[in-house]
$ cat my_file.txt   # compact mmCIF, C-alpha atoms and all ligand atoms
# COMPACT_ATOMS: atom_id res chain seq x y z
CA MET K 1 41.20 101.53 -11.85
CA ASN K 2 38.47 99.11 -12.77
CA LYS K 3 35.51 100.46 -14.61
CA GLU K 4 32.47 100.95 -12.34
CA ARG K 5 29.91 98.24 -13.00
CA ILE K 6 26.28 98.96 -13.80
CA ILE K 7 23.93 96.55 -12.09
CA MET K 8 20.16 96.55 -11.94
CA LEU K 9 17.63 94.78 -9.82
CA SER K 10 14.28 94.32 -11.49
CA ASP K 11 11.31 93.57 -9.23
CA CYS K 12 7.84 92.69 -10.48
CA GLN K 13 4.96 94.46 -8.78
CA SER K 14 2.47 92.04 -7.16
CA PHE K 15 3.86 89.32 -9.37
CA TYR K 16 1.35 86.44 -9.08
CA ALA K 17 -1.62 88.83 -9.09
CA SER K 18 -0.25 90.79 -12.08
CA VAL K 19 0.26 87.58 -14.05
CA GLU K 20 -3.32 86.51 -13.32
CA LYS K 21 -4.69 89.90 -14.34
CA ALA K 22 -2.75 89.79 -17.60
CA ALA K 23 -4.11 86.30 -18.29
CA ASN K 24 -7.71 87.27 -17.43
CA PRO K 25 -8.59 90.61 -19.05
CA GLN K 26 -12.15 90.28 -17.73
CA TYR K 27 -10.75 91.18 -14.29
CA ASN K 28 -9.40 94.52 -15.51
CA GLY K 29 -10.17 97.29 -13.04
CA LYS K 30 -11.24 94.82 -10.36
CA PRO K 31 -9.44 93.94 -7.14
CA LEU K 32 -7.83 90.51 -7.40
CA ALA K 33 -5.86 88.29 -5.06
CA VAL K 34 -4.13 84.94 -5.38
CA ALA K 35 -4.85 82.79 -2.35
CA GLY K 36 -3.62 79.41 -1.15
CA ASP K 37 -6.97 77.70 -1.23
CA PRO K 38 -9.86 79.88 -2.40
CA ALA K 39 -12.37 77.26 -1.27
CA ARG K 40 -11.29 77.64 2.34
CA ARG K 41 -11.64 80.97 4.04
CA SER K 42 -8.61 80.10 6.15
CA GLY K 43 -6.42 80.15 3.02
CA ILE K 44 -3.63 82.70 2.91
CA ILE K 45 -3.34 85.64 0.50
CA LEU K 46 -0.15 85.06 -1.52
CA ALA K 47 -0.42 88.19 -3.67
CA ALA K 48 -2.83 91.06 -4.11
CA CYS K 49 -3.07 93.48 -7.02
CA PRO K 50 -2.55 97.19 -6.30
CA LEU K 51 -6.33 97.80 -6.45
CA ALA K 52 -6.92 95.17 -3.78
CA LYS K 53 -4.07 96.60 -1.70
CA GLN K 54 -5.70 100.03 -1.86
CA GLN K 55 -8.71 98.45 -0.20
CA GLY K 56 -6.59 97.12 2.62
CA VAL K 57 -5.89 93.60 1.40
CA SER K 58 -2.37 92.50 2.28
CA THR K 59 -0.26 89.41 1.66
CA ALA K 60 -0.08 86.71 4.35
CA GLU K 61 -3.46 87.56 5.87
CA THR K 62 -6.31 85.04 5.68
CA LEU K 63 -8.85 85.09 2.92
CA LYS K 64 -11.50 85.70 5.55
CA GLU K 65 -9.78 88.87 6.75
CA ALA K 66 -9.28 90.06 3.16
CA LEU K 67 -12.91 89.49 2.19
CA ALA K 68 -14.08 91.40 5.25
CA LYS K 69 -12.26 94.46 3.94
CA CYS K 70 -12.94 93.90 0.26
CA PRO K 71 -16.08 91.78 -0.32
CA GLU K 72 -15.89 92.08 -4.14
CA LEU K 73 -12.35 90.66 -4.16
CA ILE K 74 -11.74 88.22 -6.99
CA VAL K 75 -9.84 85.26 -5.61
CA VAL K 76 -7.87 82.90 -7.82
CA ARG K 77 -5.93 79.76 -7.06
CA PRO K 78 -2.15 79.94 -7.53
CA ARG K 79 -0.64 78.39 -10.64
CA MET K 80 2.98 78.07 -9.62
CA GLN K 81 4.20 76.43 -12.80
CA HIS K 82 2.75 79.28 -14.83
CA TYR K 83 4.46 81.88 -12.62
CA ILE K 84 7.74 80.02 -13.00
CA ASP K 85 7.24 80.08 -16.78
CA VAL K 86 6.56 83.82 -16.79
CA SER K 87 9.59 84.38 -14.57
CA ALA K 88 11.70 82.47 -17.10
CA GLN K 89 10.15 84.55 -19.89
CA ILE K 90 11.29 87.71 -18.07
CA THR K 91 14.78 86.23 -17.68
CA GLY K 92 14.69 85.72 -21.45
CA ILE K 93 13.79 89.37 -22.02
CA LEU K 94 16.61 90.51 -19.74
CA ARG K 95 19.04 88.23 -21.59
CA THR K 96 18.42 90.18 -24.78
CA PHE K 97 20.13 93.10 -22.98
CA SER K 98 22.97 91.19 -21.27
CA ASP K 99 24.03 87.60 -20.77
CA LEU K 100 24.66 88.34 -17.08
CA VAL K 101 21.21 87.79 -15.59
CA GLU K 102 20.72 86.22 -12.18
CA PRO K 103 17.26 85.37 -10.84
CA TYR K 104 17.20 86.33 -7.16
CA SER K 105 13.67 85.15 -6.45
CA ILE K 106 10.74 84.26 -8.64
CA ASP K 107 9.98 87.95 -9.25
CA GLU K 108 13.36 89.63 -8.81
CA GLN K 109 16.37 89.42 -11.08
CA PHE K 110 19.80 91.02 -11.18
CA ILE K 111 21.26 92.10 -14.48
CA ASP K 112 24.78 93.41 -15.11
CA ILE K 113 24.63 95.71 -18.12
CA THR K 114 28.15 97.11 -17.88
CA GLY K 115 29.01 95.69 -21.30
CA SER K 116 25.74 96.73 -22.94
CA ILE K 117 25.89 100.49 -22.53
CA SER K 118 27.33 101.39 -25.92
CA LEU K 119 24.92 99.00 -27.62
CA PHE K 120 21.64 100.01 -26.07
CA GLY K 121 22.09 103.50 -24.60
CA SER K 122 22.37 104.90 -21.09
CA PRO K 123 21.51 102.78 -18.04
CA GLN K 124 18.26 104.71 -17.65
CA GLN K 125 17.34 104.15 -21.30
CA ILE K 126 18.11 100.45 -20.97
CA ALA K 127 16.03 100.17 -17.79
CA ALA K 128 13.10 101.92 -19.46
CA ALA K 129 13.38 99.61 -22.47
CA ILE K 130 13.42 96.57 -20.15
CA GLN K 131 10.31 97.81 -18.31
CA ASP K 132 8.59 98.40 -21.59
CA GLN K 133 9.44 94.99 -22.99
CA ILE K 134 8.37 93.14 -19.82
CA SER K 135 5.09 95.05 -19.75
CA LYS K 136 4.37 94.38 -23.44
CA GLU K 137 5.18 90.67 -23.30
CA THR K 138 3.85 89.70 -19.88
CA GLY K 139 1.61 92.54 -18.68
CA VAL K 140 3.71 92.84 -15.53
CA TYR K 141 5.02 96.15 -14.19
CA ALA K 142 8.70 95.93 -13.28
CA ARG K 143 10.40 98.42 -10.99
CA ILE K 144 14.15 98.73 -11.47
CA GLY K 145 16.91 99.88 -9.14
CA ILE K 146 20.11 100.91 -10.94
CA SER K 147 23.45 101.06 -9.17
CA TYR K 148 27.04 99.83 -9.16
CA SER K 149 26.61 96.65 -7.05
CA LYS K 150 23.99 94.05 -6.21
CA VAL K 151 23.25 95.26 -2.69
CA THR K 152 22.97 98.90 -3.71
CA ALA K 153 20.79 97.99 -6.72
CA LYS K 154 18.55 96.01 -4.38
CA MET K 155 18.24 98.97 -2.02
CA ALA K 156 17.75 101.40 -4.93
CA CYS K 157 14.79 99.26 -5.95
CA ASP K 158 13.26 98.59 -2.51
CA LEU K 159 13.74 102.04 -1.01
CA TRP K 160 13.06 104.22 -4.06
CA ALA K 161 12.08 102.61 -7.37
CA LYS K 162 9.12 100.78 -5.79
CA LYS K 163 7.83 103.99 -4.24
CA ILE K 164 8.05 106.47 -7.07
CA LYS K 165 6.11 107.04 -10.26
CA GLY K 166 7.91 105.52 -13.21
CA GLY K 167 9.49 102.83 -11.07
CA LEU K 168 13.12 103.61 -11.99
CA PHE K 169 15.78 104.84 -9.60
CA THR K 170 19.53 105.28 -9.90
CA LEU K 171 21.72 105.19 -6.80
CA ALA K 172 25.32 106.17 -7.56
CA ARG K 173 28.22 105.40 -5.26
CA GLU K 174 28.84 109.08 -4.48
CA GLN K 175 25.19 109.53 -3.48
CA LEU K 176 25.30 107.07 -0.58
CA PRO K 177 26.16 109.68 2.11
CA GLU K 178 23.40 111.98 0.93
CA LEU K 179 20.66 109.46 0.09
CA LEU K 180 21.27 106.12 1.80
CA TRP K 181 22.95 107.04 5.05
CA PRO K 182 20.16 109.25 6.48
CA GLN K 183 17.73 106.31 6.09
CA PRO K 184 16.55 104.46 9.21
CA ILE K 185 18.64 101.41 10.03
CA GLY K 186 15.63 99.13 9.48
CA ASN K 187 15.77 100.01 5.78
CA LEU K 188 19.17 98.39 5.39
CA PHE K 189 19.09 95.24 3.26
CA MET K 190 19.23 92.12 5.50
CA VAL K 191 18.16 94.01 8.63
CA GLY K 192 14.85 92.67 9.90
CA ARG K 193 12.68 94.03 12.65
CA ARG K 194 14.60 92.26 15.40
CA MET K 195 18.03 93.30 14.23
CA SER K 196 16.75 96.83 13.75
CA ALA K 197 15.64 96.90 17.40
CA HIS K 198 19.07 95.66 18.47
CA PHE K 199 20.83 98.38 16.50
CA HIS K 200 18.47 100.98 17.98
CA SER K 201 19.33 99.82 21.48
CA MET K 202 22.99 100.34 20.57
CA GLY K 203 22.23 103.91 19.49
CA LEU K 204 22.63 103.04 15.81
CA THR K 205 19.46 104.42 14.29
CA THR K 206 20.52 105.29 10.75
CA ILE K 207 22.35 103.39 8.03
CA GLY K 208 25.03 106.08 8.17
CA HIS K 209 25.72 105.35 11.84
CA LEU K 210 26.75 101.86 10.79
CA ALA K 211 28.60 102.88 7.63
CA GLN K 212 30.66 105.58 9.28
CA MET K 213 31.69 103.60 12.32
CA PRO K 214 35.12 101.97 12.07
CA LEU K 215 34.58 98.25 11.47
CA ALA K 216 36.72 97.31 14.49
CA GLU K 217 34.47 99.39 16.73
CA LEU K 218 31.29 97.84 15.34
CA LYS K 219 32.77 94.40 15.93
CA TRP K 220 33.50 94.98 19.60
CA ARG K 221 30.24 96.78 20.21
CA MET K 222 28.26 93.90 18.71
CA ARG K 223 30.34 91.43 20.67
CA GLU K 224 29.49 93.36 23.84
CA LYS K 225 25.81 93.54 22.95
CA PHE K 226 25.35 89.87 22.04
CA HIS K 227 27.92 88.46 24.47
CA LYS K 228 29.63 86.49 21.73
CA ASN K 229 31.86 86.96 18.73
CA CYS K 230 29.74 88.41 15.90
CA ASP K 231 32.59 89.65 13.73
CA ILE K 232 31.23 88.12 10.57
CA ASP K 233 27.75 89.57 11.04
CA ALA K 234 29.27 92.92 11.94
CA GLU K 235 31.33 92.96 8.79
CA LEU K 236 28.37 91.90 6.66
CA TYR K 237 26.12 94.71 7.92
CA TRP K 238 28.96 97.21 7.76
CA ARG K 239 29.71 96.32 4.16
CA ILE K 240 26.08 96.58 3.11
CA ALA K 241 25.72 99.96 4.81
CA GLY K 242 28.87 101.20 3.13
CA GLY K 243 27.78 99.86 -0.24
CA LEU K 244 30.83 97.60 -0.37
CA ASP K 245 29.81 94.62 -2.48
CA ASP K 246 31.77 93.28 -5.38
CA SER K 247 29.92 89.99 -5.74
CA PRO K 248 29.30 89.23 -9.40
CA VAL K 249 25.95 88.69 -11.10
CA HIS K 250 25.90 84.92 -11.63
CA PRO K 251 24.02 83.85 -14.74
CA ALA K 252 21.62 81.11 -13.63
CA THR K 253 18.11 79.97 -14.19
CA TYR K 254 15.20 79.68 -11.83
CA GLU K 255 14.80 76.01 -11.07
CA ALA K 256 11.49 74.36 -10.46
CA PRO K 257 11.45 72.83 -6.99
CA PRO K 258 12.22 69.10 -6.82
CA LYS K 259 9.85 66.46 -5.43
CA SER K 260 11.98 65.90 -2.38
CA VAL K 261 15.20 67.15 -0.86
CA GLY K 262 17.39 64.67 0.95
CA HIS K 263 20.88 63.85 1.95
CA GLN K 264 22.81 60.83 3.16
CA MET K 265 26.00 60.56 5.14
CA THR K 266 28.37 57.63 5.45
CA LEU K 267 30.00 57.73 8.84
CA PRO K 268 33.75 57.31 9.37
CA ARG K 269 33.08 54.47 11.88
CA ASP K 270 30.14 52.67 13.44
CA TYR K 271 28.04 54.83 15.72
CA TYR K 272 26.53 53.07 18.71
CA THR K 273 24.75 55.70 20.74
CA LEU K 274 21.72 57.84 20.09
CA ALA K 275 23.71 60.86 21.27
CA GLU K 276 26.21 60.40 18.43
CA ILE K 277 23.53 59.70 15.87
CA LYS K 278 21.63 62.80 16.95
CA THR K 279 24.65 64.90 15.99
CA VAL K 280 24.53 63.45 12.48
CA LEU K 281 20.76 63.95 12.28
CA LEU K 282 21.26 67.60 13.22
CA GLU K 283 23.79 68.07 10.46
CA LEU K 284 21.58 66.33 7.94
CA ALA K 285 18.56 68.40 9.02
CA GLU K 286 20.64 71.54 8.61
CA LEU K 287 21.84 70.59 5.11
CA VAL K 288 18.40 69.54 3.92
CA CYS K 289 16.58 72.51 5.44
CA ARG K 290 19.12 74.92 4.10
CA ARG K 291 18.53 73.60 0.61
CA CYS K 292 14.78 73.87 1.14
CA ARG K 293 15.16 77.45 2.31
CA ARG K 294 17.23 78.25 -0.73
CA LEU K 295 14.47 76.78 -2.91
CA ALA K 296 11.82 78.61 -0.83
CA VAL K 297 9.96 75.38 -0.11
CA ASN K 298 8.64 73.70 3.04
CA GLY K 299 8.40 69.94 3.49
CA ALA K 300 5.45 68.17 5.13
CA VAL K 301 6.94 64.68 5.42
CA VAL K 302 10.26 63.85 7.04
CA SER K 303 11.95 60.53 6.30
CA VAL K 304 14.93 59.06 8.11
CA GLY K 305 16.79 55.85 7.62
CA CYS K 306 20.01 54.11 8.57
CA GLN K 307 22.08 51.12 7.58
CA GLY K 308 24.77 49.10 9.28
CA ALA K 309 28.21 48.49 7.84
CA SER K 310 27.71 44.86 6.92
CA PHE K 311 26.35 43.99 3.49
CA GLU K 312 25.93 40.30 4.34
CA ALA K 313 23.80 41.00 7.37
CA PRO K 314 21.91 44.16 6.50
CA THR K 315 20.48 46.11 9.42
CA GLY K 316 18.67 49.38 9.67
CA PHE K 317 15.33 50.88 8.80
CA SER K 318 13.65 53.59 6.78
CA ARG K 319 10.58 55.36 8.08
CA GLN K 320 8.70 58.54 7.49
CA SER K 321 6.18 60.67 9.28
CA LYS K 322 4.04 63.64 8.49
CA MET K 323 4.75 66.73 10.58
CA SER K 324 1.93 68.83 12.01
CA ASP K 325 2.84 71.68 9.63
CA PRO K 326 5.09 71.95 6.58
CA THR K 327 8.40 73.53 7.55
CA ASN K 328 12.00 74.16 6.57
CA ALA K 329 13.13 75.07 10.08
CA THR K 330 16.14 72.96 11.02
CA SER K 331 15.13 72.56 14.66
CA LEU K 332 11.64 71.26 13.83
CA VAL K 333 12.85 68.80 11.20
CA TYR K 334 15.57 67.67 13.57
CA GLU K 335 13.07 67.02 16.36
CA ALA K 336 10.83 65.00 14.04
CA ALA K 337 13.83 63.01 12.76
CA VAL K 338 15.05 62.22 16.27
CA ALA K 339 11.57 61.10 17.30
CA LEU K 340 11.42 58.74 14.31
CA PHE K 341 14.86 57.41 15.02
CA ARG K 342 14.14 56.85 18.69
CA ARG K 343 11.00 54.91 17.80
CA HIS K 344 12.43 52.64 15.10
CA TRP K 345 16.12 52.13 15.75
CA ASP K 346 16.88 48.70 17.22
CA GLY K 347 20.24 49.72 18.68
CA GLN K 348 22.37 48.02 15.99
CA PRO K 349 25.55 49.91 14.98
CA VAL K 350 24.96 52.51 12.30
CA ARG K 351 27.17 53.34 9.31
CA ARG K 352 24.92 55.36 7.05
CA VAL K 353 22.19 57.81 7.90
CA ASN K 354 19.81 59.57 5.55
CA LEU K 355 17.19 62.24 6.01
CA SER K 356 14.83 63.80 3.52
CA LEU K 357 11.86 66.13 3.27
CA SER K 358 9.07 65.54 0.80
CA GLU K 359 5.58 66.80 -0.06
CA LEU K 360 7.20 70.14 -0.72
CA SER K 361 5.18 73.33 -1.01
CA ASP K 362 5.84 77.03 -1.55
CA GLU K 363 7.08 78.32 1.81
CA ASN K 364 4.95 81.45 1.52
CA GLN K 365 1.88 79.31 1.70
CA TYR K 366 2.25 78.35 5.34
CA GLN K 367 -0.77 78.53 7.59
CA LEU K 368 -1.05 81.27 10.14
CA THR K 369 -1.97 78.91 12.94
CA LEU K 370 1.71 78.32 13.65
CA PHE K 371 3.43 79.40 16.79
CA GLU K 372 4.64 82.95 16.97
CA SER K 373 8.36 82.45 16.86
CA ARG K 374 8.32 81.04 13.36
CA PRO K 375 9.28 84.19 11.42
CA ARG K 376 12.11 84.64 13.87
CA TYR K 377 13.47 81.21 13.02
CA ARG K 378 13.26 82.03 9.38
CA GLU K 379 15.04 85.33 9.77
CA LEU K 380 17.83 83.75 11.77
CA GLU K 381 18.23 80.80 9.45
CA ARG K 382 18.19 82.99 6.39
CA ALA K 383 20.95 85.11 7.86
CA THR K 384 23.13 82.09 8.58
CA ASP K 385 22.40 80.71 5.10
CA ASN K 386 23.58 83.94 3.54
CA LEU K 387 26.77 83.88 5.53
CA LYS K 388 27.42 80.26 4.63
CA ASN K 389 26.77 80.93 0.97
CA LYS K 390 29.22 83.75 1.12
CA TYR K 391 31.96 82.38 3.35
CA GLY K 392 31.53 78.60 3.25
CA ASP K 393 29.98 75.94 5.46
CA THR K 394 32.39 76.05 8.35
CA ILE K 395 31.81 79.69 9.18
CA ILE K 396 28.84 79.06 11.43
CA GLY K 397 28.36 75.72 13.02
CA ARG K 398 26.10 74.41 15.69
CA ALA K 399 28.22 73.51 18.68
CA ALA K 400 27.49 69.80 18.26
CA SER K 401 29.08 69.75 14.81
CA PHE K 402 32.46 70.44 16.34
CA THR K 403 32.43 67.42 18.59
CA ASP K 404 33.87 64.09 17.54
CA SER K 405 30.82 62.78 15.78
CA GLY K 406 30.32 65.95 13.71
CA LEU K 407 31.19 65.64 10.05
CA ILE K 408 30.50 68.99 8.45
CA LYS K 409 33.72 70.71 9.44
CA ASP K 410 35.68 67.81 8.09
CA ARG K 411 33.79 67.56 4.83
CA ALA K 412 33.87 71.26 4.10
CA GLY K 413 37.62 71.20 4.57
CA LYS K 414 37.98 68.53 1.92
CA ILE K 415 35.66 69.38 -0.92
CA GLY K 416 33.29 71.98 0.42
CA GLY K 417 30.62 69.38 1.06
CA HIS K 418 29.44 66.86 -1.46
CA TYR K 419 25.76 67.59 -1.41
CA LYS K 420 24.33 68.61 -4.74
MG MG J 501 7.86 91.91 -6.14
$ encode --input "my_file.txt" --output "structure tokens" --more "lines below"
Ligand SMILES: [Mg+2]
Amino acid sequence: MNKERIIMLSDCQSFYASVEKAANPQYNGKPLAVAGDPARRSGIILAACPLAKQQGVSTAETLKEALAKCPELIVVRPRMQHYIDVSAQITGILRTFSDLVEPYSIDEQFIDITGSISLFGSPQQIAAAIQDQISKETGVYARIGISYSKVTAKMACDLWAKKIKGGLFTLAREQLPELLWPQPIGNLFMVGRRMSAHFHSMGLTTIGHLAQMPLAELKWRMREKFHKNCDIDAELYWRIAGGLDDSPVHPATYEAPPKSVGHQMTLPRDYYTLAEIKTVLLELAELVCRRCRRLAVNGAVVSVGCQGASFEAPTGFSRQSKMSDPTNATSLVYEAAVALFRRHWDGQPVRRVNLSLSELSDENQYQLTLFESRPRYRELERATDNLKNKYGDTIIGRAASFTDSGLIKDRAGKIGGHYK
């Protein structure tokens, strides 16, 4: 039998705010928040220190709302590059304990310490040493979930380590029935508020209900509930609930976001109708937005362009437009791209199409004036992204991609897509 792995998830408490407090000792003991634009009261709170949270300040509310609750709140402007640097510094600290360190977000990192046990002590001793080192070098308090897989380490951190004094929690495989399964279904990793409501309506109110149900039964019950085949989603949730995750910790670095994210497709033949071109625009929007979501950035400007097949008689155009709000939602970028195309395309046959998003910003900085359904989009798109990352591009497609003018299915079959 393979040796049980030991995997940790380290999460920094109130990361941006903690970094600012460490950099500005004069703010010690005072409530502090990092906000999108401190000069404008409509700016959004990106992070609040525990003291500010005690006074009711919460992330994603407006500065105006926060100041109403906590008038003495110290508000600082975000310094993203600095936070990225500190995040990399923490990766560096973790690497002194194991070379298997995978940043999961700017303030969360997985570390596989299976091979480090005899060198540095027990998992709990190693976690405590990591906490200590991070605190000494960066002033940030890290909470650490310890377990045997990435998903269980993530849940050990979110459900326990973040809530207890000391900030360390170990969740062993044999403890799942006793500790994880009685938890409400909404506490399961990847289950958002909407999915939680769906499970409740199916009578599945605890994580154990999901874990203990035969997979085949969950598949048909979800199919019945959603009136479509959801076998992949069913299996994903069922695996998480059962703590079945053997995905490795991939050593990688946190990358600074690029200036723009774009993609271009050369078509297998000339396309003559807007209907066909729209299919390609949808695929391009999906590829580009998915990359933006992975980088946690929104784009404000969408650009589209096309070219004909002939080099002697070049045709085509390239145009851009600013959207009303920065976004990484496929449907919104697609709509903007189609509108641009409709306006500027002269009807000449098209051989190449490109689409890009630029003026990128941190996606957590979006304004609250947006329409209500936005978080829903994000939840849905994140779920499909995760499935695609795990199972490949063809697993979920928009219906249009499987018509004649769709290219994704074809490309994924060849080389798994050639976007970088
Ligand atoms: Mg955090």
$ residues_around --input "my_file.txt" --residues "range 116-121 of chain K" --least-positions-apart "3" --cutoff "7 Å" --atoms "only C-alpha atoms" --output "PyMOL selection string"
chain K and resi 97-98+113+125-126
$ closest_residue --input "my_file.txt" --among "K:Glu335, K:Glu359, K:Glu312, K:Asp246" --to "Val297 in chain K" --atoms "all atoms listed in the file"
K:Glu359
$ atom_distance --input "my_file.txt" --atom1 "CA of Glu363 in chain K" --atom2 "CA of Asp11 in chain K"
19.3 Å
$ residues_near_ligand --input "my_file.txt" --ligand "ligand MG 501 (chain J)" --cutoff "8 Å" --atoms "all atoms listed in the file" --output "JSON, numbers by chain"
{"K": [11, 12, 13, 14, 15, 107, 108]}
$ write_last_selection --input "my_file.txt" --atoms "C-alpha atoms" --output "PDB file, keeping the file's coordinate frame"
ATOM      1  CA  ASP K  11      11.310  93.570  -9.230  1.00  0.00           C
ATOM      2  CA  CYS K  12       7.840  92.690 -10.480  1.00  0.00           C
ATOM      3  CA  GLN K  13       4.960  94.460  -8.780  1.00  0.00           C
ATOM      4  CA  SER K  14       2.470  92.040  -7.160  1.00  0.00           C
ATOM      5  CA  PHE K  15       3.860  89.320  -9.370  1.00  0.00           C
ATOM      6  CA  ASP K 107       9.980  87.950  -9.250  1.00  0.00           C
ATOM      7  CA  GLU K 108      13.360  89.630  -8.810  1.00  0.00           C
TER       8      GLU K 108
END
$ atom_distance --input "my_file.txt" --atom1 "CA of Leu204 in chain K" --atom2 "CA of Ile185 in chain K"
7.2 Å
$ residues_around --input "my_file.txt" --residues "Ser196 in chain K" --least-positions-apart "2" --cutoff "10 Å" --atoms "only C-alpha atoms" --output "PDB file with C-alpha atoms, in the frame of the given file"
ATOM      1  CA  PRO K 184      16.550 104.460   9.210  1.00  0.00           C
ATOM      2  CA  ILE K 185      18.640 101.410  10.030  1.00  0.00           C
ATOM      3  CA  GLY K 186      15.630  99.130   9.480  1.00  0.00           C
ATOM      4  CA  ASN K 187      15.770 100.010   5.780  1.00  0.00           C
ATOM      5  CA  LEU K 188      19.170  98.390   5.390  1.00  0.00           C
ATOM      6  CA  MET K 190      19.230  92.120   5.500  1.00  0.00           C
ATOM      7  CA  VAL K 191      18.160  94.010   8.630  1.00  0.00           C
ATOM      8  CA  GLY K 192      14.850  92.670   9.900  1.00  0.00           C
ATOM      9  CA  ARG K 193      12.680  94.030  12.650  1.00  0.00           C
ATOM     10  CA  ARG K 194      14.600  92.260  15.400  1.00  0.00           C
ATOM     11  CA  HIS K 198      19.070  95.660  18.470  1.00  0.00           C
ATOM     12  CA  PHE K 199      20.830  98.380  16.500  1.00  0.00           C
ATOM     13  CA  HIS K 200      18.470 100.980  17.980  1.00  0.00           C
ATOM     14  CA  SER K 201      19.330  99.820  21.480  1.00  0.00           C
ATOM     15  CA  MET K 202      22.990 100.340  20.570  1.00  0.00           C
ATOM     16  CA  LEU K 204      22.630 103.040  15.810  1.00  0.00           C
ATOM     17  CA  THR K 205      19.460 104.420  14.290  1.00  0.00           C
ATOM     18  CA  THR K 206      20.520 105.290  10.750  1.00  0.00           C
TER      19      THR K 206
END
$ atom_distance --input "my_file.txt" --atom1 "CA of Pro214 in chain K" --atom2 "CA of Tyr237 in chain K"
12.3 Å
$ residues_around --input "my_file.txt" --residues "range 301-304 of chain K" --least-positions-apart "3" --cutoff "8 Å" --atoms "only C-alpha atoms" --output "list in words"
Ser318, Arg319, Gln320, Ser321, Lys322, Met323, Pro326, Val333, Ala336, Ala337, Leu340, Phe341, Val353, Asn354, Leu355, Ser356, Leu357, Ser358 and Glu359 of chain K
$ closest_residue --input "my_file.txt" --among "K:Met8, K:Ala300, K:Leu236, K:Leu210" --to "Asp158 in chain K" --atoms "all atoms listed in the file"
K:Met8
$ residues_around --input "my_file.txt" --residues "Asp99 in chain K" --least-positions-apart "5" --cutoff "12 Å" --atoms "all atoms listed in the file" --output "PDB file with C-alpha atoms, in the coordinates of the input"
ATOM      1  CA  THR K  91      14.780  86.230 -17.680  1.00  0.00           C
ATOM      2  CA  GLY K  92      14.690  85.720 -21.450  1.00  0.00           C
ATOM      3  CA  ILE K  93      13.790  89.370 -22.020  1.00  0.00           C
ATOM      4  CA  LEU K  94      16.610  90.510 -19.740  1.00  0.00           C
ATOM      5  CA  PHE K 110      19.800  91.020 -11.180  1.00  0.00           C
ATOM      6  CA  ILE K 111      21.260  92.100 -14.480  1.00  0.00           C
ATOM      7  CA  ASP K 112      24.780  93.410 -15.110  1.00  0.00           C
ATOM      8  CA  ILE K 113      24.630  95.710 -18.120  1.00  0.00           C
ATOM      9  CA  THR K 114      28.150  97.110 -17.880  1.00  0.00           C
ATOM     10  CA  GLY K 115      29.010  95.690 -21.300  1.00  0.00           C
ATOM     11  CA  SER K 116      25.740  96.730 -22.940  1.00  0.00           C
ATOM     12  CA  VAL K 249      25.950  88.690 -11.100  1.00  0.00           C
ATOM     13  CA  HIS K 250      25.900  84.920 -11.630  1.00  0.00           C
ATOM     14  CA  PRO K 251      24.020  83.850 -14.740  1.00  0.00           C
ATOM     15  CA  ALA K 252      21.620  81.110 -13.630  1.00  0.00           C
ATOM     16  CA  THR K 253      18.110  79.970 -14.190  1.00  0.00           C
TER      17      THR K 253
END
$ closest_residue --input "my_file.txt" --among "K:Ile164, K:Ser10, K:Arg77, K:Asp233" --to "Ala142 in chain K" --atoms "all atoms listed in the file"
K:Ser10
$ closest_residue --input "my_file.txt" --among "K:Gly36, K:Pro123, K:Pro78, K:Gly262" --to "Ala60 in chain K" --atoms "all atoms listed in the file"
K:Gly36
$ closest_residue --input "my_file.txt" --among "K:Tyr148, K:Trp181, K:Tyr16, K:Tyr334" --to "Leu287 in chain K" --atoms "all atoms listed in the file"
K:Tyr334
$ closest_residue --input "my_file.txt" --among "K:Gln212, K:Gln175, K:Thr170, K:Gln348" --to "Ala313 in chain K" --atoms "all atoms listed in the file"
K:Gln348
$ residues_around --input "my_file.txt" --residues "Ala234 in chain K" --least-positions-apart "3" --cutoff "7 Å" --atoms "all atoms listed in the file" --output "list in words"
Leu218, Lys219, Met222, Cys230, Asp231, Tyr237 and Trp238 of chain K
$ decode --input "my_file.txt" --residues "range 239-245 of chain K" --atoms "N, CA and C atoms" --output "short mmCIF file (atom, residue, chain, number, x, y, z; two decimals), in the first residue's frame"
data_model
loop_
_atom_site.label_atom_id
_atom_site.label_comp_id
_atom_site.auth_asym_id
_atom_site.auth_seq_id
_atom_site.Cartn_x
_atom_site.Cartn_y
_atom_site.Cartn_z
N ARG K 239 -16.92 12.76 -4.56
CA ARG K 239 -15.51 12.54 -4.21
C ARG K 239 -15.03 13.49 -3.13
N ILE K 240 -15.43 14.74 -3.23
CA ILE K 240 -15.00 15.71 -2.22
C ILE K 240 -15.57 15.32 -0.86
N ALA K 241 -16.86 14.97 -0.85
CA ALA K 241 -17.51 14.60 0.41
C ALA K 241 -16.85 13.36 1.02
N GLY K 242 -16.44 12.44 0.16
CA GLY K 242 -15.82 11.22 0.66
C GLY K 242 -14.33 11.38 0.92
N GLY K 243 -13.80 12.57 0.66
CA GLY K 243 -12.37 12.80 0.86
C GLY K 243 -11.52 12.00 -0.10
N LEU K 244 -12.05 11.78 -1.32
CA LEU K 244 -11.33 11.00 -2.32
C LEU K 244 -10.65 11.95 -3.31
N ASP K 245 -9.41 12.26 -3.06
CA ASP K 245 -8.69 13.20 -3.92
C ASP K 245 -7.23 12.82 -3.93
#
